[in-house]
Amino acid sequence: MRHTLTIDGRTLSYRDFGGPGRPLLALHGGLSEGLAFAGLADALHDAWRVIAPDQRGHGDSDRAADYGRAGYVSDAVALLDHLGLDAPVAVLGYSLGGLNAVHLAAAHPHRISALIDVDATVEVHPVPEGAVFDFLKDMRYTAPTREELLAAAGPVGSRFVDRVLRPLPAGEGWRLPFHPQDMLDSIEGCRGDHWDAWLASTCPAVLIHGTGSQALSQDTADAMVARRPGTSYTPLEGDHFVPFTDPAGFHQAVGKFLATL
C-alpha cells in the first residue's frame, strides 16, 4: 500500500488504499501523514479509492527546500501524473492539506472534479508569540532512544507523534516524522489571504467545519460558503481536530458529499 516516486531528486511517499472506486486524492494536515486517512479509506469501502501522499517534509517523504503553496501543489500534480490519473479527480484536504487542495483546484481546474475543504481557512494571520505551534521551537528531530524523543516533544508527544516515530536507517536512534523547522517554515508559508484561490475554482465543493475550530472562525466559514457558488456547508461539533475526535461524523460528512457526485 505504500509506494514512492521521485520528484527532482526527492522521494515522495504515498499510500494507495486501492479498490475499484473512483480516485480521491487526500491531503493530510501539518505534523501528519497519509496514513491518517486509513479510517476514511475503510469507511468509503469500494466506492472510492483513497490515495494519500505524505506531503513534502512529512512522514516518509523527503524534506524539501521550500514549503510554499506552489511546491505542495506541484507534488500533487506529479503524483496524479505518476498514477496516470488524467481524468479529473476529487480532492480532499484537511488544515494545511485543505489549503493545498484549494490552490490545486485553482491552479489546475481541469485535474479536479470536486473539492472537500476540511477546516482550512482562507485567511491565515501572523501567529503571535506564545501561539499554539511554539512547541515546535523546542522539539528535537532525532534522539538516541524513543523515550528521549517523546520526552522532548512534551505534551504534544502523545497527541501527534507517539505512534509514528521512525527508527533511523543505521539503527542509531529515532526521528520524528517531520523536522520541526520544516513545520515552522510550512506554517509561515501559509500566511496570507487565499480568497483568490478559493474563488478561482468552480467545481462542486463542501466546507466541513469544526464549529469550535481554533483555525477557522464561524464568520469566515460563512463567508467562504456564501461567496463561492456551488459550495455546501457541513458543520461538525468539535474543534480543529474534529476529523480525529469525531471520525464517524467526519467519515459520514465526506461520504454524503461524495455520494452527490
# chains A, B, ... in the order shown; residues from 1 in each chain; ligands from 1
$ residues_around --residues "Val164 (chain A)" --least-positions-apart "5" --cutoff "10 Å" --atoms "only C-alpha atoms" --output "PDB file with N, CA and C atoms, in the first residue's frame"
ATOM      1  N   SER A  32       1.537  15.556  10.161  1.00  0.00           N
ATOM      2  CA  SER A  32       0.793  14.322   9.952  1.00  0.00           C
ATOM      3  C   SER A  32       1.348  13.592   8.744  1.00  0.00           C
ATOM      4  N   GLU A  33       0.572  12.653   8.208  1.00  0.00           N
ATOM      5  CA  GLU A  33       0.997  11.862   7.060  1.00  0.00           C
ATOM      6  C   GLU A  33      -0.215  11.199   6.434  1.00  0.00           C
ATOM      7  N   LEU A  35      -1.154   8.212   6.159  1.00  0.00           N
ATOM      8  CA  LEU A  35      -1.773   7.128   6.918  1.00  0.00           C
ATOM      9  C   LEU A  35      -2.920   7.620   7.800  1.00  0.00           C
ATOM     10  N   GLY A  59       6.086  12.483   7.165  1.00  0.00           N
ATOM     11  CA  GLY A  59       6.066  11.029   7.070  1.00  0.00           C
ATOM     12  C   GLY A  59       7.332  10.463   6.487  1.00  0.00           C
ATOM     13  N   ARG A 175      13.732   9.197  14.905  1.00  0.00           N
ATOM     14  CA  ARG A 175      13.444  10.537  14.401  1.00  0.00           C
ATOM     15  C   ARG A 175      11.944  10.787  14.405  1.00  0.00           C
ATOM     16  N   LEU A 176      11.598  12.071  14.406  1.00  0.00           N
ATOM     17  CA  LEU A 176      10.210  12.465  14.223  1.00  0.00           C
ATOM     18  C   LEU A 176       9.781  12.225  12.772  1.00  0.00           C
ATOM     19  N   PRO A 177       8.480  12.160  12.496  1.00  0.00           N
ATOM     20  CA  PRO A 177       8.022  12.028  11.111  1.00  0.00           C
ATOM     21  C   PRO A 177       7.995  13.365  10.374  1.00  0.00           C
TER      22      PRO A 177
END
$ residues_around --residues "Asp8 (chain A)" --least-positions-apart "6" --cutoff "12 Å" --atoms "only C-alpha atoms" --output "list in words"
Asp62, Arg63, Ala64, Ala65, Gly71, Ser74, Asp75 and Ala78 of chain A
$ write_last_selection --atoms "C-alpha atoms" --output "mmCIF file, in the first residue's frame"
data_model
loop_
_atom_site.group_PDB
_atom_site.id
_atom_site.type_symbol
_atom_site.label_atom_id
_atom_site.label_comp_id
_atom_site.auth_asym_id
_atom_site.auth_seq_id
_atom_site.Cartn_x
_atom_site.Cartn_y
_atom_site.Cartn_z
ATOM 1 C CA ASP A 62 11.939 13.652 1.904
ATOM 2 C CA ARG A 63 12.454 17.148 3.211
ATOM 3 C CA ALA A 64 12.242 19.974 0.675
ATOM 4 C CA ALA A 65 13.898 23.343 0.242
ATOM 5 C CA GLY A 71 5.744 23.320 -4.180
ATOM 6 C CA SER A 74 3.403 20.641 -7.932
ATOM 7 C CA ASP A 75 3.978 17.497 -5.838
ATOM 8 C CA ALA A 78 3.331 14.964 -10.137
#
$ atom_distance --atom1 "CA of Pro20 (chain A)" --atom2 "CA of His3 (chain A)"
18.1 Å
$ select_by_dssp --residues "region 110-215 of chain A" --states "strand (DSSP E or B)" --output "JSON list (two decimals) with N, CA, C and O atoms, in the first residue's frame"
[["chain", "number", "residue", "atom", "x", "y", "z"],
["A", 112, "ILE", "N", -9.26, 18.58, -11.33],
["A", 112, "ILE", "CA", -10.04, 18.42, -10.10],
["A", 112, "ILE", "C", -11.54, 18.49, -10.40],
["A", 112, "ILE", "O", -12.02, 19.46, -10.97],
["A", 113, "SER", "N", -12.27, 17.46, -9.98],
["A", 113, "SER", "CA", -13.72, 17.39, -10.22],
["A", 113, "SER", "C", -14.53, 17.84, -9.03],
["A", 113, "SER", "O", -15.71, 18.20, -9.17],
["A", 114, "ALA", "N", -13.97, 17.80, -7.84],
["A", 114, "ALA", "CA", -14.69, 18.20, -6.63],
["A", 114, "ALA", "C", -13.68, 18.51, -5.54],
["A", 114, "ALA", "O", -12.58, 17.95, -5.52],
["A", 115, "LEU", "N", -14.07, 19.39, -4.62],
["A", 115, "LEU", "CA", -13.17, 19.88, -3.58],
["A", 115, "LEU", "C", -13.81, 19.71, -2.21],
["A", 115, "LEU", "O", -14.94, 20.16, -1.99],
["A", 116, "ILE", "N", -13.10, 19.06, -1.31],
["A", 116, "ILE", "CA", -13.54, 18.91, 0.07],
["A", 116, "ILE", "C", -12.53, 19.62, 0.96],
["A", 116, "ILE", "O", -11.40, 19.17, 1.13],
["A", 117, "ASP", "N", -12.95, 20.74, 1.51],
["A", 117, "ASP", "CA", -12.09, 21.54, 2.40],
["A", 117, "ASP", "C", -12.48, 21.20, 3.83],
["A", 117, "ASP", "O", -13.61, 21.47, 4.26],
["A", 118, "VAL", "N", -11.56, 20.61, 4.57],
["A", 118, "VAL", "CA", -11.82, 20.22, 5.96],
["A", 118, "VAL", "C", -11.11, 21.19, 6.89],
["A", 118, "VAL", "O", -9.91, 21.12, 7.11],
["A", 123, "GLU", "N", -8.01, 32.76, 5.36],
["A", 123, "GLU", "CA", -7.40, 33.94, 5.97],
["A", 123, "GLU", "C", -6.45, 33.48, 7.07],
["A", 123, "GLU", "O", -6.89, 33.14, 8.17],
["A", 124, "VAL", "N", -5.17, 33.43, 6.77],
["A", 124, "VAL", "CA", -4.18, 32.92, 7.71],
["A", 124, "VAL", "C", -3.36, 34.09, 8.22],
["A", 124, "VAL", "O", -2.56, 34.67, 7.49],
["A", 142, "THR", "N", 15.83, 14.23, 16.20],
["A", 142, "THR", "CA", 16.32, 12.88, 16.46],
["A", 142, "THR", "C", 16.73, 12.75, 17.93],
["A", 142, "THR", "O", 16.97, 13.73, 18.62],
["A", 143, "ALA", "N", 16.83, 11.50, 18.39],
["A", 143, "ALA", "CA", 17.33, 11.20, 19.73],
["A", 143, "ALA", "C", 17.79, 9.75, 19.75],
["A", 143, "ALA", "O", 17.34, 8.93, 18.93],
["A", 166, "ARG", "N", 9.99, 7.20, 13.69],
["A", 166, "ARG", "CA", 10.71, 6.35, 12.76],
["A", 166, "ARG", "C", 12.09, 6.01, 13.31],
["A", 166, "ARG", "O", 12.79, 6.89, 13.80],
["A", 167, "PRO", "N", 12.51, 4.73, 13.21],
["A", 167, "PRO", "CA", 13.90, 4.41, 13.55],
["A", 167, "PRO", "C", 14.83, 4.95, 12.48],
["A", 167, "PRO", "O", 14.49, 4.95, 11.29],
["A", 174, "TRP", "N", 16.19, 7.37, 16.83],
["A", 174, "TRP", "CA", 14.84, 7.57, 16.30],
["A", 174, "TRP", "C", 14.70, 9.00, 15.79],
["A", 174, "TRP", "O", 15.44, 9.90, 16.20],
["A", 175, "ARG", "N", 13.73, 9.20, 14.90],
["A", 175, "ARG", "CA", 13.44, 10.54, 14.40],
["A", 175, "ARG", "C", 11.94, 10.79, 14.41],
["A", 175, "ARG", "O", 11.13, 9.85, 14.41],
["A", 178, "PHE", "N", 8.63, 14.37, 10.94],
["A", 178, "PHE", "CA", 8.77, 15.69, 10.33],
["A", 178, "PHE", "C", 9.89, 16.41, 11.05],
["A", 178, "PHE", "O", 10.20, 16.10, 12.19],
["A", 192, "GLY", "N", -1.29, 34.64, 4.96],
["A", 192, "GLY", "CA", -1.79, 35.49, 3.90],
["A", 192, "GLY", "C", -3.26, 35.30, 3.61],
["A", 192, "GLY", "O", -3.99, 34.59, 4.30],
["A", 193, "ASP", "N", -3.69, 35.97, 2.57],
["A", 193, "ASP", "CA", -5.08, 35.97, 2.11],
["A", 193, "ASP", "C", -5.19, 35.02, 0.91],
["A", 193, "ASP", "O", -4.52, 35.22, -0.10],
["A", 205, "ALA", "N", -18.10, 21.79, -4.26],
["A", 205, "ALA", "CA", -17.24, 21.83, -3.08],
["A", 205, "ALA", "C", -18.08, 21.74, -1.82],
["A", 205, "ALA", "O", -19.28, 22.07, -1.81],
["A", 206, "VAL", "N", -17.43, 21.30, -0.76],
["A", 206, "VAL", "CA", -18.05, 21.31, 0.57],
["A", 206, "VAL", "C", -17.00, 21.81, 1.55],
["A", 206, "VAL", "O", -15.82, 21.49, 1.42],
["A", 207, "LEU", "N", -17.46, 22.59, 2.51],
["A", 207, "LEU", "CA", -16.62, 23.01, 3.63],
["A", 207, "LEU", "C", -17.09, 22.26, 4.86],
["A", 207, "LEU", "O", -18.22, 22.45, 5.32],
["A", 208, "ILE", "N", -16.23, 21.38, 5.36],
["A", 208, "ILE", "CA", -16.52, 20.65, 6.60],
["A", 208, "ILE", "C", -15.83, 21.40, 7.73],
["A", 208, "ILE", "O", -14.61, 21.56, 7.72],
["A", 209, "HIS", "N", -16.62, 21.87, 8.69],
["A", 209, "HIS", "CA", -16.12, 22.85, 9.66],
["A", 209, "HIS", "C", -16.34, 22.36, 11.09],
["A", 209, "HIS", "O", -17.45, 21.98, 11.46],
["A", 210, "GLY", "N", -15.26, 22.34, 11.88],
["A", 210, "GLY", "CA", -15.41, 22.14, 13.31],
["A", 210, "GLY", "C", -15.91, 23.45, 13.92],
["A", 210, "GLY", "O", -15.19, 24.46, 13.87]]
$ select_by_dssp --residues "region 10-186 of chain A" --states "helix (DSSP H, G or I)" --output "MDAnalysis selection string"
chainID A and resid 34:44 69:82 96:107 109:111 132:138 146:161 180:186
$ closest_residue --among "A:Asp246, A:Asp54, A:Asp196, A:Asp119" --to "Thr234 (chain A)" --atoms "only C-alpha atoms"
A:Asp119
$ closest_residue --among "A:Gly39, A:Gly9, A:Gly30, A:Pro155" --to "Phe250 (chain A)" --atoms "only C-alpha atoms"
A:Gly39
$ closest_residue --among "A:Ala223, A:Ala170, A:Ala105, A:Ala87" --to "Pro204 (chain A)" --atoms "only C-alpha atoms"
A:Ala105
$ residues_around --residues "Cys190 (chain A)" --least-positions-apart "4" --cutoff "12 Å" --atoms "only C-alpha atoms" --output "PyMOL selection string"
chain A and resi 30+66-70+72+95-100+103+120-127+183-186+194
$ atom_distance --atom1 "CA of Val156 (chain A)" --atom2 "CA of Gln252 (chain A)"
27.7 Å
$ closest_residue --among "A:Ala197, A:Val89, A:Leu79, A:Ala106" --to "Thr6 (chain A)" --atoms "only C-alpha atoms"
A:Leu79
$ residues_around --residues "Tyr14 (chain A)" --least-positions-apart "6" --cutoff "7 Å" --atoms "only C-alpha atoms" --output "list of chain:residue names"
A:Arg2, A:His3, A:Thr4, A:Gly34, A:Ala52, A:Pro53, A:Asp54
$ write_last_selection --atoms "all heavy atoms" --output "PDB file, in the first residue's frame"
ATOM      1  N   ARG A   2       2.078   1.201   0.527  1.00  0.00           N
ATOM      2  CA  ARG A   2       2.944   2.376   0.487  1.00  0.00           C
ATOM      3  C   ARG A   2       3.851   2.289  -0.721  1.00  0.00           C
ATOM      4  O   ARG A   2       4.484   1.276  -0.980  1.00  0.00           O
ATOM      5  CB  ARG A   2       3.790   2.484   1.760  1.00  0.00           C
ATOM      6  CG  ARG A   2       4.522   3.825   1.849  1.00  0.00           C
ATOM      7  CD  ARG A   2       5.301   3.958   3.140  1.00  0.00           C
ATOM      8  NE  ARG A   2       6.563   3.253   3.096  1.00  0.00           N
ATOM      9  CZ  ARG A   2       7.679   3.725   2.526  1.00  0.00           C
ATOM     10  NH1 ARG A   2       7.663   4.894   1.927  1.00  0.00           N
ATOM     11  NH2 ARG A   2       8.781   3.028   2.527  1.00  0.00           N
ATOM     12  N   HIS A   3       3.882   3.371  -1.504  1.00  0.00           N
ATOM     13  CA  HIS A   3       4.687   3.434  -2.715  1.00  0.00           C
ATOM     14  C   HIS A   3       5.464   4.746  -2.712  1.00  0.00           C
ATOM     15  O   HIS A   3       5.216   5.629  -1.884  1.00  0.00           O
ATOM     16  CB  HIS A   3       3.798   3.362  -3.957  1.00  0.00           C
ATOM     17  CG  HIS A   3       2.830   2.221  -3.950  1.00  0.00           C
ATOM     18  ND1 HIS A   3       3.166   0.949  -4.345  1.00  0.00           N
ATOM     19  CD2 HIS A   3       1.522   2.169  -3.584  1.00  0.00           C
ATOM     20  CE1 HIS A   3       2.117   0.156  -4.233  1.00  0.00           C
ATOM     21  NE2 HIS A   3       1.105   0.873  -3.768  1.00  0.00           N
ATOM     22  N   THR A   4       6.385   4.877  -3.643  1.00  0.00           N
ATOM     23  CA  THR A   4       7.161   6.113  -3.740  1.00  0.00           C
ATOM     24  C   THR A   4       7.312   6.522  -5.197  1.00  0.00           C
ATOM     25  O   THR A   4       7.199   5.693  -6.111  1.00  0.00           O
ATOM     26  CB  THR A   4       8.563   5.969  -3.116  1.00  0.00           C
ATOM     27  OG1 THR A   4       9.297   4.964  -3.822  1.00  0.00           O
ATOM     28  CG2 THR A   4       8.477   5.587  -1.639  1.00  0.00           C
ATOM     29  N   GLY A  34      -0.017  10.596   5.260  1.00  0.00           N
ATOM     30  CA  GLY A  34      -1.124   9.998   4.536  1.00  0.00           C
ATOM     31  C   GLY A  34      -1.847   8.912   5.293  1.00  0.00           C
ATOM     32  O   GLY A  34      -3.052   8.699   5.099  1.00  0.00           O
ATOM     33  N   ALA A  52      -3.344   8.843  -0.672  1.00  0.00           N
ATOM     34  CA  ALA A  52      -2.941   9.831   0.328  1.00  0.00           C
ATOM     35  C   ALA A  52      -1.425   9.946   0.401  1.00  0.00           C
ATOM     36  O   ALA A  52      -0.755   9.083   0.980  1.00  0.00           O
ATOM     37  CB  ALA A  52      -3.507   9.445   1.697  1.00  0.00           C
ATOM     38  N   PRO A  53      -0.861  10.998  -0.178  1.00  0.00           N
ATOM     39  CA  PRO A  53       0.592  11.176  -0.087  1.00  0.00           C
ATOM     40  C   PRO A  53       1.029  11.645   1.291  1.00  0.00           C
ATOM     41  O   PRO A  53       0.266  12.292   2.014  1.00  0.00           O
ATOM     42  CB  PRO A  53       0.868  12.253  -1.132  1.00  0.00           C
ATOM     43  CG  PRO A  53      -0.398  13.055  -1.176  1.00  0.00           C
ATOM     44  CD  PRO A  53      -1.510  12.066  -0.958  1.00  0.00           C
ATOM     45  N   ASP A  54       2.247  11.299   1.660  1.00  0.00           N
ATOM     46  CA  ASP A  54       2.943  12.018   2.731  1.00  0.00           C
ATOM     47  C   ASP A  54       3.483  13.280   2.064  1.00  0.00           C
ATOM     48  O   ASP A  54       4.413  13.206   1.246  1.00  0.00           O
ATOM     49  CB  ASP A  54       4.120  11.199   3.274  1.00  0.00           C
ATOM     50  CG  ASP A  54       3.680   9.946   4.019  1.00  0.00           C
ATOM     51  OD1 ASP A  54       2.472   9.775   4.253  1.00  0.00           O
ATOM     52  OD2 ASP A  54       4.567   9.139   4.353  1.00  0.00           O
TER      53      ASP A  54
END
$ atom_distance --atom1 "CA of Leu92 (chain A)" --atom2 "CA of Ile7 (chain A)"
21.9 Å
$ closest_residue --among "A:Val50, A:Leu12, A:Leu83, A:Leu40" --to "Gly249 (chain A)" --atoms "only C-alpha atoms"
A:Leu40
$ closest_residue --among "A:Trp48, A:Phe241, A:Phe17, A:Tyr141" --to "Ala215 (chain A)" --atoms "only C-alpha atoms"
A:Phe241
$ residues_around --residues "Phe37 (chain A)" --least-positions-apart "4" --cutoff "8 Å" --atoms "only C-alpha atoms" --output "compact mmCIF listing (two decimals) with N, CA and C atoms, in the first residue's frame"
# COMPACT_ATOMS: atom_id res chain seq x y z
N ALA A 26 -6.28 12.58 -1.12
CA ALA A 26 -6.48 13.07 0.25
C ALA A 26 -5.19 13.66 0.78
N HIS A 28 -3.24 15.39 3.85
CA HIS A 28 -3.27 15.48 5.31
C HIS A 28 -2.90 16.87 5.81
N ALA A 41 -10.48 5.76 4.32
CA ALA A 41 -10.42 4.80 3.22
C ALA A 41 -11.28 3.58 3.52
N ALA A 52 -3.34 8.84 -0.67
CA ALA A 52 -2.94 9.83 0.33
C ALA A 52 -1.43 9.95 0.40
